[in-house]
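Quick look at upload.pdb (PDB, C-alpha atoms and all ligand atoms):
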ATOM      1  CA  MET A1002      23.749   3.284   4.924  1.00  0.00           C
ATOM      2  CA  ALA A1003      20.007   3.562   5.334  1.00  0.00           C
ATOM      3  CA  ALA A1004      17.849   4.046   2.281  1.00  0.00           C
ATOM      4  CA  GLU A1005      16.134   7.356   1.650  1.00  0.00           C
ATOM      5  CA  ILE A1006      12.414   7.308   0.958  1.00  0.00           C
ATOM      6  CA  ARG A1007      10.448  10.174  -0.556  1.00  0.00           C
ATOM      7  CA  LEU A1008       6.696  10.399  -0.929  1.00  0.00           C
ATOM      8  CA  PHE A1009       4.628  12.826  -2.950  1.00  0.00           C
ATOM      9  CA  THR A1010       1.183  13.077  -4.491  1.00  0.00           C
ATOM     10  CA  CYS A1011       0.393  11.826  -7.993  1.00  0.00           C
ATOM     11  CA  LEU A1012      -2.873  12.194  -9.927  1.00  0.00           C
ATOM     12  CA  THR A1013      -5.572  13.128  -7.382  1.00  0.00           C
ATOM     13  CA  ASP A1014      -5.009  10.911  -4.383  1.00  0.00           C
ATOM     14  CA  ASN A1015      -2.282   8.424  -5.337  1.00  0.00           C
ATOM     15  CA  PHE A1016       1.049   8.403  -3.552  1.00  0.00           C
ATOM     16  CA  GLY A1017       4.284   8.335  -5.497  1.00  0.00           C
ATOM     17  CA  TYR A1018       7.271   6.805  -3.722  1.00  0.00           C
ATOM     18  CA  LEU A1019      10.974   6.804  -4.421  1.00  0.00           C
ATOM     19  CA  ILE A1020      13.417   4.636  -2.503  1.00  0.00           C
ATOM     20  CA  HIS A1021      17.088   5.496  -2.958  1.00  0.00           C
ATOM     21  CA  ASP A1022      20.170   3.497  -2.049  1.00  0.00           C
ATOM     22  CA  PRO A1023      22.983   5.955  -1.174  1.00  0.00           C
ATOM     23  CA  ALA A1024      25.609   3.196  -1.471  1.00  0.00           C
ATOM     24  CA  THR A1025      24.961   2.417  -5.135  1.00  0.00           C
ATOM     25  CA  LYS A1026      22.815   5.429  -6.131  1.00  0.00           C
ATOM     26  CA  ALA A1027      20.119   3.062  -7.342  1.00  0.00           C
ATOM     27  CA  THR A1028      16.611   4.518  -7.104  1.00  0.00           C
ATOM     28  CA  ALA A1029      13.298   2.742  -7.471  1.00  0.00           C
ATOM     29  CA  SER A1030       9.852   4.162  -7.948  1.00  0.00           C
ATOM     30  CA  ILE A1031       7.147   2.083  -6.303  1.00  0.00           C
ATOM     31  CA  ASP A1032       4.468   2.083  -8.997  1.00  0.00           C
ATOM     32  CA  ALA A1033       4.253   4.914 -11.495  1.00  0.00           C
ATOM     33  CA  PRO A1034       0.860   6.621 -11.398  1.00  0.00           C
ATOM     34  CA  GLU A1035       2.094   9.342 -13.776  1.00  0.00           C
ATOM     35  CA  ALA A1036       5.536  10.352 -14.991  1.00  0.00           C
ATOM     36  CA  ALA A1037       5.732  14.116 -14.350  1.00  0.00           C
ATOM     37  CA  PRO A1038       5.721  14.246 -10.527  1.00  0.00           C
ATOM     38  CA  ILE A1039       8.110  11.284 -10.388  1.00  0.00           C
ATOM     39  CA  ILE A1040      10.549  13.000 -12.751  1.00  0.00           C
ATOM     40  CA  GLN A1041      10.224  16.199 -10.695  1.00  0.00           C
ATOM     41  CA  ALA A1042      10.996  14.346  -7.463  1.00  0.00           C
ATOM     42  CA  LEU A1043      14.001  12.646  -9.062  1.00  0.00           C
ATOM     43  CA  GLU A1044      15.365  15.943 -10.360  1.00  0.00           C
ATOM     44  CA  ARG A1045      14.817  17.652  -7.020  1.00  0.00           C
ATOM     45  CA  GLU A1046      17.012  14.991  -5.381  1.00  0.00           C
ATOM     46  CA  GLY A1047      19.501  14.577  -8.212  1.00  0.00           C
ATOM     47  CA  TRP A1048      18.654  10.879  -8.474  1.00  0.00           C
ATOM     48  CA  THR A1049      18.413   8.687 -11.575  1.00  0.00           C
ATOM     49  CA  LEU A1050      15.652   6.118 -11.848  1.00  0.00           C
ATOM     50  CA  THR A1051      17.011   2.576 -12.082  1.00  0.00           C
ATOM     51  CA  ASP A1052      13.934   0.510 -11.282  1.00  0.00           C
ATOM     52  CA  ILE A1053      10.150   0.632 -11.183  1.00  0.00           C
ATOM     53  CA  LEU A1054       8.473  -1.855  -8.864  1.00  0.00           C
ATOM     54  CA  ILE A1055       4.882  -2.328  -9.985  1.00  0.00           C
ATOM     55  CA  THR A1056       2.268  -3.682  -7.579  1.00  0.00           C
ATOM     56  CA  HIS A1057      -0.694  -4.306  -9.902  1.00  0.00           C
ATOM     57  CA  HIS A1058      -2.109  -3.556 -13.314  1.00  0.00           C
ATOM     58  CA  HIS A1059      -4.487  -0.667 -12.573  1.00  0.00           C
ATOM     59  CA  GLY A1060      -3.947   2.442 -14.657  1.00  0.00           C
ATOM     60  CA  ASP A1061      -3.364   4.690 -11.667  1.00  0.00           C
ATOM     61  CA  HIS A1062      -0.326   2.536 -10.778  1.00  0.00           C
ATOM     62  CA  VAL A1063       1.221   1.971 -14.213  1.00  0.00           C
ATOM     63  CA  GLY A1064       0.230   5.094 -16.167  1.00  0.00           C
ATOM     64  CA  GLY A1065       3.745   6.574 -16.052  1.00  0.00           C
ATOM     65  CA  VAL A1066       5.750   3.420 -16.777  1.00  0.00           C
ATOM     66  CA  ALA A1067       6.204   3.802 -20.534  1.00  0.00           C
ATOM     67  CA  GLU A1068       7.409   7.401 -20.336  1.00  0.00           C
ATOM     68  CA  LEU A1069       9.777   6.704 -17.424  1.00  0.00           C
ATOM     69  CA  LYS A1070      11.234   3.640 -19.108  1.00  0.00           C
ATOM     70  CA  GLN A1071      11.783   5.627 -22.276  1.00  0.00           C
ATOM     71  CA  LYS A1072      13.507   8.442 -20.376  1.00  0.00           C
ATOM     72  CA  TYR A1073      15.683   6.444 -17.935  1.00  0.00           C
ATOM     73  CA  ASN A1074      15.907   3.025 -19.572  1.00  0.00           C
ATOM     74  CA  CYS A1075      15.134   1.631 -16.129  1.00  0.00           C
ATOM     75  CA  ARG A1076      14.251  -1.944 -15.291  1.00  0.00           C
ATOM     76  CA  VAL A1077      10.569  -2.616 -14.710  1.00  0.00           C
ATOM     77  CA  VAL A1078       9.575  -5.281 -12.193  1.00  0.00           C
ATOM     78  CA  GLY A1079       5.970  -6.403 -12.040  1.00  0.00           C
ATOM     79  CA  PRO A1080       3.671  -9.217 -10.998  1.00  0.00           C
ATOM     80  CA  HIS A1081       2.918 -12.250 -13.092  1.00  0.00           C
ATOM     81  CA  ASP A1082      -0.012 -11.680 -15.427  1.00  0.00           C
ATOM     82  CA  LYS A1083      -3.022 -12.970 -13.576  1.00  0.00           C
ATOM     83  CA  SER A1084      -5.719 -10.638 -14.776  1.00  0.00           C
ATOM     84  CA  ALA A1085      -4.447  -8.116 -17.283  1.00  0.00           C
ATOM     85  CA  LYS A1086      -1.224  -7.546 -19.168  1.00  0.00           C
ATOM     86  CA  ILE A1087       1.181  -4.906 -17.931  1.00  0.00           C
ATOM     87  CA  ALA A1088       3.308  -3.484 -20.720  1.00  0.00           C
ATOM     88  CA  ASN A1089       7.075  -2.937 -20.500  1.00  0.00           C
ATOM     89  CA  VAL A1090       7.757  -5.405 -17.665  1.00  0.00           C
ATOM     90  CA  ASP A1091      11.320  -6.817 -17.693  1.00  0.00           C
ATOM     91  CA  LEU A1092      11.112  -9.065 -14.646  1.00  0.00           C
ATOM     92  CA  ARG A1093       8.104 -10.891 -13.180  1.00  0.00           C
ATOM     93  CA  ALA A1094       8.103 -11.386  -9.427  1.00  0.00           C
ATOM     94  CA  GLY A1095       6.021 -13.620  -7.179  1.00  0.00           C
ATOM     95  CA  GLN A1096       5.697 -14.803  -3.589  1.00  0.00           C
ATOM     96  CA  GLY A1097       9.082 -15.101  -1.876  1.00  0.00           C
ATOM     97  CA  ASP A1098      11.112 -13.544  -4.673  1.00  0.00           C
ATOM     98  CA  VAL A1099      13.699 -10.985  -3.651  1.00  0.00           C
ATOM     99  CA  VAL A1100      14.181  -7.992  -5.915  1.00  0.00           C
ATOM    100  CA  LYS A1101      17.369  -5.933  -5.712  1.00  0.00           C
ATOM    101  CA  VAL A1102      17.413  -2.153  -5.886  1.00  0.00           C
ATOM    102  CA  GLY A1103      21.145  -1.505  -5.830  1.00  0.00           C
ATOM    103  CA  SER A1104      22.162  -3.098  -2.548  1.00  0.00           C
ATOM    104  CA  LEU A1105      18.636  -2.890  -1.116  1.00  0.00           C
ATOM    105  CA  LEU A1106      16.517  -6.028  -1.024  1.00  0.00           C
ATOM    106  CA  ALA A1107      12.761  -6.060  -1.522  1.00  0.00           C
ATOM    107  CA  ARG A1108      10.857  -9.170  -0.565  1.00  0.00           C
ATOM    108  CA  VAL A1109       7.784  -9.852  -2.680  1.00  0.00           C
ATOM    109  CA  LEU A1110       4.519 -10.937  -1.083  1.00  0.00           C
ATOM    110  CA  GLU A1111       1.591 -11.962  -3.247  1.00  0.00           C
ATOM    111  CA  THR A1112      -1.406 -10.099  -1.847  1.00  0.00           C
ATOM    112  CA  PRO A1113      -4.304 -10.797  -4.238  1.00  0.00           C
ATOM    113  CA  GLY A1114      -7.890  -9.660  -3.762  1.00  0.00           C
ATOM    114  CA  HIS A1115      -8.017  -6.050  -4.988  1.00  0.00           C
ATOM    115  CA  THR A1116      -6.683  -7.566  -8.210  1.00  0.00           C
ATOM    116  CA  LEU A1117      -5.488 -11.112  -8.800  1.00  0.00           C
ATOM    117  CA  ASP A1118      -1.995  -9.941  -9.680  1.00  0.00           C
ATOM    118  CA  HIS A1119      -1.435  -7.599  -6.710  1.00  0.00           C
ATOM    119  CA  ILE A1120       1.959  -7.916  -5.004  1.00  0.00           C
ATOM    120  CA  SER A1121       3.461  -5.957  -2.109  1.00  0.00           C
ATOM    121  CA  TYR A1122       7.127  -5.127  -1.519  1.00  0.00           C
ATOM    122  CA  VAL A1123       8.848  -5.413   1.872  1.00  0.00           C
ATOM    123  CA  PHE A1124      12.245  -3.813   2.501  1.00  0.00           C
ATOM    124  CA  ASP A1125      13.131  -5.567   5.750  1.00  0.00           C
ATOM    125  CA  SER A1126      16.333  -3.571   6.342  1.00  0.00           C
ATOM    126  CA  GLU A1127      14.325  -0.346   6.096  1.00  0.00           C
ATOM    127  CA  LYS A1128      11.305  -1.704   7.997  1.00  0.00           C
ATOM    128  CA  ALA A1129       9.201  -0.504   5.081  1.00  0.00           C
ATOM    129  CA  LEU A1130       6.118  -2.110   3.549  1.00  0.00           C
ATOM    130  CA  PHE A1131       4.770  -0.861   0.213  1.00  0.00           C
ATOM    131  CA  ALA A1132       1.267  -2.313   0.122  1.00  0.00           C
ATOM    132  CA  ALA A1133      -0.324  -0.190  -2.644  1.00  0.00           C
ATOM    133  CA  ASP A1134      -4.064  -0.981  -2.845  1.00  0.00           C
ATOM    134  CA  THR A1135      -4.110  -4.010  -0.529  1.00  0.00           C
ATOM    135  CA  LEU A1136      -3.735  -2.220   2.793  1.00  0.00           C
ATOM    136  CA  PHE A1137      -4.502   1.464   3.348  1.00  0.00           C
ATOM    137  CA  SER A1138      -4.173   3.355   6.579  1.00  0.00           C
ATOM    138  CA  ILE A1139      -7.379   2.466   8.496  1.00  0.00           C
ATOM    139  CA  GLY A1140      -8.698   0.783   5.372  1.00  0.00           C
ATOM    140  CA  CYS A1141      -8.064  -1.703   2.600  1.00  0.00           C
ATOM    141  CA  GLY A1142      -8.564  -1.851  -1.139  1.00  0.00           C
ATOM    142  CA  ARG A1143     -11.847  -2.734  -2.771  1.00  0.00           C
ATOM    143  CA  VAL A1144     -12.082  -6.380  -3.690  1.00  0.00           C
ATOM    144  CA  PHE A1145     -12.452  -6.173  -7.466  1.00  0.00           C
ATOM    145  CA  GLU A1146     -11.007  -9.413  -8.811  1.00  0.00           C
ATOM    146  CA  GLY A1147     -10.609 -11.765  -5.873  1.00  0.00           C
ATOM    147  CA  ASP A1148     -13.028 -12.733  -3.129  1.00  0.00           C
ATOM    148  CA  TYR A1149     -13.252 -11.842   0.535  1.00  0.00           C
ATOM    149  CA  PRO A1150     -11.409 -14.881   1.943  1.00  0.00           C
ATOM    150  CA  MET A1151      -8.580 -14.224  -0.544  1.00  0.00           C
ATOM    151  CA  MET A1152      -8.297 -10.563   0.469  1.00  0.00           C
ATOM    152  CA  TRP A1153      -8.490 -11.392   4.180  1.00  0.00           C
ATOM    153  CA  ASP A1154      -5.679 -13.888   3.660  1.00  0.00           C
ATOM    154  CA  SER A1155      -3.598 -11.197   1.967  1.00  0.00           C
ATOM    155  CA  LEU A1156      -4.187  -8.804   4.871  1.00  0.00           C
ATOM    156  CA  LEU A1157      -3.047 -11.524   7.281  1.00  0.00           C
ATOM    157  CA  LYS A1158       0.193 -11.859   5.295  1.00  0.00           C
ATOM    158  CA  LEU A1159       0.844  -8.176   5.952  1.00  0.00           C
ATOM    159  CA  ARG A1160      -0.376  -8.225   9.547  1.00  0.00           C
ATOM    160  CA  VAL A1161       2.375 -10.653  10.595  1.00  0.00           C
ATOM    161  CA  LEU A1162       5.034  -8.051   9.822  1.00  0.00           C
ATOM    162  CA  PRO A1163       6.557  -6.411  12.930  1.00  0.00           C
ATOM    163  CA  ASP A1164       4.858  -3.484  14.664  1.00  0.00           C
ATOM    164  CA  ASP A1165       7.728  -1.100  13.957  1.00  0.00           C
ATOM    165  CA  PHE A1166       7.444  -1.517  10.182  1.00  0.00           C
ATOM    166  CA  LYS A1167       6.098   1.492   8.318  1.00  0.00           C
ATOM    167  CA  LEU A1168       3.146   1.195   5.963  1.00  0.00           C
ATOM    168  CA  TYR A1169       3.424   3.094   2.682  1.00  0.00           C
ATOM    169  CA  CYS A1170       0.105   2.660   0.890  1.00  0.00           C
ATOM    170  CA  GLY A1171      -1.203   3.550  -2.543  1.00  0.00           C
ATOM    171  CA  HIS A1172      -3.737   6.260  -1.782  1.00  0.00           C
ATOM    172  CA  GLU A1173      -4.565   9.104   0.578  1.00  0.00           C
ATOM    173  CA  TYR A1174      -7.895   7.679   1.676  1.00  0.00           C
ATOM    174  CA  THR A1175      -7.286   7.835   5.414  1.00  0.00           C
ATOM    175  CA  ALA A1176      -9.860  10.462   6.404  1.00  0.00           C
ATOM    176  CA  ALA A1177     -12.739   8.604   4.714  1.00  0.00           C
ATOM    177  CA  ASN A1178     -11.479   5.320   6.153  1.00  0.00           C
ATOM    178  CA  VAL A1179     -11.425   6.752   9.672  1.00  0.00           C
ATOM    179  CA  LYS A1180     -14.979   8.016   9.274  1.00  0.00           C
ATOM    180  CA  PHE A1181     -16.172   4.534   8.320  1.00  0.00           C
ATOM    181  CA  ALA A1182     -14.097   2.694  10.949  1.00  0.00           C
ATOM    182  CA  LEU A1183     -15.609   4.839  13.699  1.00  0.00           C
ATOM    183  CA  THR A1184     -19.083   3.592  12.735  1.00  0.00           C
ATOM    184  CA  VAL A1185     -17.940   0.052  13.599  1.00  0.00           C
ATOM    185  CA  GLU A1186     -15.610   0.784  16.514  1.00  0.00           C
ATOM    186  CA  PRO A1187     -16.720   4.086  18.054  1.00  0.00           C
ATOM    187  CA  ASP A1188     -14.983   3.252  21.345  1.00  0.00           C
ATOM    188  CA  ASN A1189     -11.627   2.092  19.965  1.00  0.00           C
ATOM    189  CA  ALA A1190      -9.135   4.403  21.709  1.00  0.00           C
ATOM    190  CA  ALA A1191      -6.362   3.847  19.140  1.00  0.00           C
ATOM    191  CA  LEU A1192      -8.786   4.685  16.348  1.00  0.00           C
ATOM    192  CA  LYS A1193      -9.996   7.825  18.097  1.00  0.00           C
ATOM    193  CA  ALA A1194      -6.390   8.954  18.573  1.00  0.00           C
ATOM    194  CA  ARG A1195      -5.694   8.276  14.906  1.00  0.00           C
ATOM    195  CA  ALA A1196      -8.833  10.230  13.938  1.00  0.00           C
ATOM    196  CA  GLU A1197      -7.526  13.305  15.745  1.00  0.00           C
ATOM    197  CA  GLU A1198      -4.109  12.942  14.181  1.00  0.00           C
ATOM    198  CA  VAL A1199      -5.598  12.577  10.689  1.00  0.00           C
ATOM    199  CA  THR A1200      -7.773  15.660  11.146  1.00  0.00           C
ATOM    200  CA  ARG A1201      -4.697  17.626  12.191  1.00  0.00           C
ATOM    201  CA  LEU A1202      -2.552  16.368   9.302  1.00  0.00           C
ATOM    202  CA  ARG A1203      -5.205  16.953   6.635  1.00  0.00           C
ATOM    203  CA  ALA A1204      -5.943  20.452   7.960  1.00  0.00           C
ATOM    204  CA  ALA A1205      -2.233  21.194   7.512  1.00  0.00           C
ATOM    205  CA  ASN A1206      -2.389  19.626   4.040  1.00  0.00           C
ATOM    206  CA  LYS A1207       0.095  16.932   5.088  1.00  0.00           C
ATOM    207  CA  PRO A1208       0.008  13.250   4.101  1.00  0.00           C
ATOM    208  CA  THR A1209      -1.283  10.740   6.663  1.00  0.00           C
ATOM    209  CA  VAL A1210       1.342   8.150   5.683  1.00  0.00           C
ATOM    210  CA  PRO A1211       3.566   6.463   6.524  1.00  0.00           C
ATOM    211  CA  THR A1212       2.029   4.897   9.607  1.00  0.00           C
ATOM    212  CA  LEU A1213       3.357   2.178  11.878  1.00  0.00           C
ATOM    213  CA  LEU A1214       1.992  -1.293  11.322  1.00  0.00           C
ATOM    214  CA  GLY A1215       1.616  -1.676  15.094  1.00  0.00           C
ATOM    215  CA  ASP A1216      -0.768   1.295  15.127  1.00  0.00           C
ATOM    216  CA  GLU A1217      -2.696  -0.084  12.152  1.00  0.00           C
ATOM    217  CA  LYS A1218      -3.152  -3.403  13.943  1.00  0.00           C
ATOM    218  CA  LYS A1219      -4.852  -1.525  16.795  1.00  0.00           C
ATOM    219  CA  ALA A1220      -6.865   1.015  14.793  1.00  0.00           C
ATOM    220  CA  ASN A1221      -7.559  -0.433  11.329  1.00  0.00           C
ATOM    221  CA  VAL A1222     -10.859  -2.309  11.557  1.00  0.00           C
ATOM    222  CA  PHE A1223     -10.085  -4.266   8.366  1.00  0.00           C
ATOM    223  CA  LEU A1224      -7.099  -5.862  10.138  1.00  0.00           C
ATOM    224  CA  ARG A1225      -9.350  -6.620  13.107  1.00  0.00           C
ATOM    225  CA  ALA A1226     -12.037  -8.800  11.499  1.00  0.00           C
ATOM    226  CA  ASP A1227     -11.042 -11.649  13.826  1.00  0.00           C
ATOM    227  CA  GLU A1228     -11.588  -9.540  16.961  1.00  0.00           C
ATOM    228  CA  PRO A1229     -14.731 -10.792  18.739  1.00  0.00           C
ATOM    229  CA  SER A1230     -15.701  -7.183  19.521  1.00  0.00           C
ATOM    230  CA  VAL A1231     -15.729  -6.311  15.803  1.00  0.00           C
ATOM    231  CA  ALA A1232     -17.916  -9.305  14.975  1.00  0.00           C
ATOM    232  CA  ALA A1233     -20.225  -8.344  17.852  1.00  0.00           C
ATOM    233  CA  SER A1234     -20.489  -4.779  16.564  1.00  0.00           C
ATOM    234  CA  LEU A1235     -21.706  -6.188  13.217  1.00  0.00           C
ATOM    235  CA  ARG A1236     -24.081  -8.611  15.002  1.00  0.00           C
ATOM    236  CA  MET A1237     -21.987 -11.489  13.646  1.00  0.00           C
ATOM    237  CA  LYS A1238     -20.860 -13.105  16.900  1.00  0.00           C
ATOM    238  CA  GLY A1239     -19.069 -16.377  16.175  1.00  0.00           C
ATOM    239  CA  ALA A1240     -18.867 -15.830  12.409  1.00  0.00           C
ATOM    240  CA  ASP A1241     -15.542 -16.594  10.791  1.00  0.00           C
ATOM    241  CA  ALA A1242     -13.109 -13.765  10.215  1.00  0.00           C
ATOM    242  CA  ALA A1243     -13.314 -13.824   6.414  1.00  0.00           C
ATOM    243  CA  ALA A1244     -17.111 -13.420   6.607  1.00  0.00           C
ATOM    244  CA  VAL A1245     -16.760 -10.550   9.069  1.00  0.00           C
ATOM    245  CA  PHE A1246     -14.165  -9.000   6.780  1.00  0.00           C
ATOM    246  CA  GLY A1247     -16.559  -9.353   3.811  1.00  0.00           C
ATOM    247  CA  GLU A1248     -19.338  -7.621   5.729  1.00  0.00           C
ATOM    248  CA  LEU A1249     -16.985  -4.778   6.668  1.00  0.00           C
ATOM    249  CA  ARG A1250     -15.921  -4.365   3.059  1.00  0.00           C
ATOM    250  CA  GLU A1251     -19.525  -4.320   1.818  1.00  0.00           C
ATOM    251  CA  ARG A1252     -20.578  -1.756   4.393  1.00  0.00           C
ATOM    252  CA  LYS A1253     -17.606   0.409   3.421  1.00  0.00           C
ATOM    253  CA  ASN A1254     -18.554   0.124  -0.263  1.00  0.00           C
ATOM    254  CA  LYS A1255     -21.992   1.497   0.565  1.00  0.00           C
ATOM    255  CA  SER A1256     -20.774   4.189   2.964  1.00  0.00           C
TER     256      SER A1256
HETATM  257 ZN    ZN B   1      -5.770  -0.418  -7.726  1.00  0.00          ZN
HETATM  258 FE    FE B   2      -5.007   2.545  -6.962  1.00  0.00          FE
END

Encoded form using structure tokens:
Amino acid sequence: MAAEIRLFTCLTDNFGYLIHDPATKATASIDAPEAAPIIQALEREGWTLTDILITHHHGDHVGGVAELKQKYNCRVVGPHDKSAKIANVDLRAGQGDVVKVGSLLARVLETPGHTLDHISYVFDSEKALFAADTLFSIGCGRVFEGDYPMMWDSLLKLRVLPDDFKLYCGHEYTAANVKFALTVEPDNAALKARAEEVTRLRAANKPTVPTLLGDEKKANVFLRADEPSVAASLRMKGADAAAVFGELRERKNKS
């Protein structure tokens, strides 16, 4: 039986996600920005929280963990401490580890750069990637703790996933990301199509995720730093992809 995935808004622009295994009734929250909307979503569905899968230590991803653990006595899975301590973690996961949510399997990819501890979760059977603040739709996370080559490497780890996988990211930043991406690739047809779609969705107050990884590969300029046309647009012809990626990230920071 296929898993059920729910998404909802937490805090201002974070996404909350629940993934539920109908076979075992196990339910995981991917990150826990704040407890209240997660509890509401669980109660709406009649689900009980069994696991929290944390991606990284930032407050807007772990703020609800203590309260949820207290209420549900759920297991908390998180990355190894590489930058800051995350409280209440029961199981530490790293590259290649497989975490069970009932009968569902989540593969862990280490995707450092935004933070040193950042991990992403891949549910292959569901074709679902939870990439939190590493990869956004048409964007990527700020590089706070790592460096540009490290972050580029992490994006490449996600880019090799199949085109029909869905990207579930940490924030609703898509509209701002599209605006920036168009400054670099004004003639990218996939990006222009995505821009129209995003305008439509936001006008209807609907989330812009999930998106297909195949579409992101075509439209997300941060996944395209090794495209000669992107380098040319930045007047960096021949530069290596990590340097082009770094320039993109710096321009986005200033935009
Ligand atoms: Zn973050
Ligand atoms: Fe975040």

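Distances here use only C-alpha atoms and all ligand atoms; by that measure, the residue among A:Leu1136, A:Ala1036, A:Ile1087, A:Leu1008 closest to ligand FE 2 (chain B) is A:Leu1136.
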
Within 9 Å of ligand ZN 1 (chain B) (all atoms listed in the file), residues as number ranges by chain
A: 1056-1062, 1115-1116, 1119, 1133-1135, 1142-1143, 1145, 1171

Next, dump the selected residues to file, keeping only C-alpha atoms, as a compact mmCIF listing (two decimals), keeping the file's coordinate frame.
# COMPACT_ATOMS: atom_id res chain seq x y z
CA THR A 1056 2.27 -3.68 -7.58
CA HIS A 1057 -0.69 -4.31 -9.90
CA HIS A 1058 -2.11 -3.56 -13.31
CA HIS A 1059 -4.49 -0.67 -12.57
CA GLY A 1060 -3.95 2.44 -14.66
CA ASP A 1061 -3.36 4.69 -11.67
CA HIS A 1062 -0.33 2.54 -10.78
CA HIS A 1115 -8.02 -6.05 -4.99
CA THR A 1116 -6.68 -7.57 -8.21
CA HIS A 1119 -1.44 -7.60 -6.71
CA ALA A 1133 -0.32 -0.19 -2.64
CA ASP A 1134 -4.06 -0.98 -2.84
CA THR A 1135 -4.11 -4.01 -0.53
CA GLY A 1142 -8.56 -1.85 -1.14
CA ARG A 1143 -11.85 -2.73 -2.77
CA PHE A 1145 -12.45 -6.17 -7.47
CA GLY A 1171 -1.20 3.55 -2.54

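Across the chains present, the PyMOL selection byres (((chain A and resi 1235) around 9) and not hetatm) applied to this file returns A:Val1185, A:Ser1230, A:Val1231, A:Ala1232, A:Ala1233, A:Ser1234, A:Arg1236, A:Met1237, A:Lys1238, A:Val1245, A:Glu1248, A:Leu1249.
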
Put those residues in a file: C-alpha atoms, as a CSV table (one decimal), in the frame of the given file.
chain,number,residue,atom,x,y,z
A,1185,VAL,CA,-17.9,0.1,13.6
A,1230,SER,CA,-15.7,-7.2,19.5
A,1231,VAL,CA,-15.7,-6.3,15.8
A,1232,ALA,CA,-17.9,-9.3,15.0
A,1233,ALA,CA,-20.2,-8.3,17.9
A,1234,SER,CA,-20.5,-4.8,16.6
A,1236,ARG,CA,-24.1,-8.6,15.0
A,1237,MET,CA,-22.0,-11.5,13.6
A,1238,LYS,CA,-20.9,-13.1,16.9
A,1245,VAL,CA,-16.8,-10.6,9.1
A,1248,GLU,CA,-19.3,-7.6,5.7
A,1249,LEU,CA,-17.0,-4.8,6.7

Fewer than 6 positions away in the same chain doesn't count, so skip those; otherwise give me all residues within 12 Å of Glu1111 (chain A), counting all atoms listed in the file, as a CSV table (one decimal) with C-alpha atoms, keeping the file's coordinate frame.
chain,number,residue,atom,x,y,z
A,1056,THR,CA,2.3,-3.7,-7.6
A,1057,HIS,CA,-0.7,-4.3,-9.9
A,1079,GLY,CA,6.0,-6.4,-12.0
A,1080,PRO,CA,3.7,-9.2,-11.0
A,1081,HIS,CA,2.9,-12.2,-13.1
A,1083,LYS,CA,-3.0,-13.0,-13.6
A,1093,ARG,CA,8.1,-10.9,-13.2
A,1094,ALA,CA,8.1,-11.4,-9.4
A,1095,GLY,CA,6.0,-13.6,-7.2
A,1096,GLN,CA,5.7,-14.8,-3.6
A,1097,GLY,CA,9.1,-15.1,-1.9
A,1098,ASP,CA,11.1,-13.5,-4.7
A,1117,LEU,CA,-5.5,-11.1,-8.8
A,1118,ASP,CA,-2.0,-9.9,-9.7
A,1119,HIS,CA,-1.4,-7.6,-6.7
A,1120,ILE,CA,2.0,-7.9,-5.0
A,1121,SER,CA,3.5,-6.0,-2.1
A,1122,TYR,CA,7.1,-5.1,-1.5
A,1123,VAL,CA,8.8,-5.4,1.9
A,1132,ALA,CA,1.3,-2.3,0.1
A,1133,ALA,CA,-0.3,-0.2,-2.6
A,1135,THR,CA,-4.1,-4.0,-0.5
A,1151,MET,CA,-8.6,-14.2,-0.5
A,1152,MET,CA,-8.3,-10.6,0.5
A,1154,ASP,CA,-5.7,-13.9,3.7
A,1155,SER,CA,-3.6,-11.2,2.0
A,1156,LEU,CA,-4.2,-8.8,4.9
A,1157,LEU,CA,-3.0,-11.5,7.3
A,1158,LYS,CA,0.2,-11.9,5.3
A,1159,LEU,CA,0.8,-8.2,6.0

Hey, can you check how far CA of Leu1106 (chain A) sits from CA of Phe1223 (chain A)?
28.3 Å
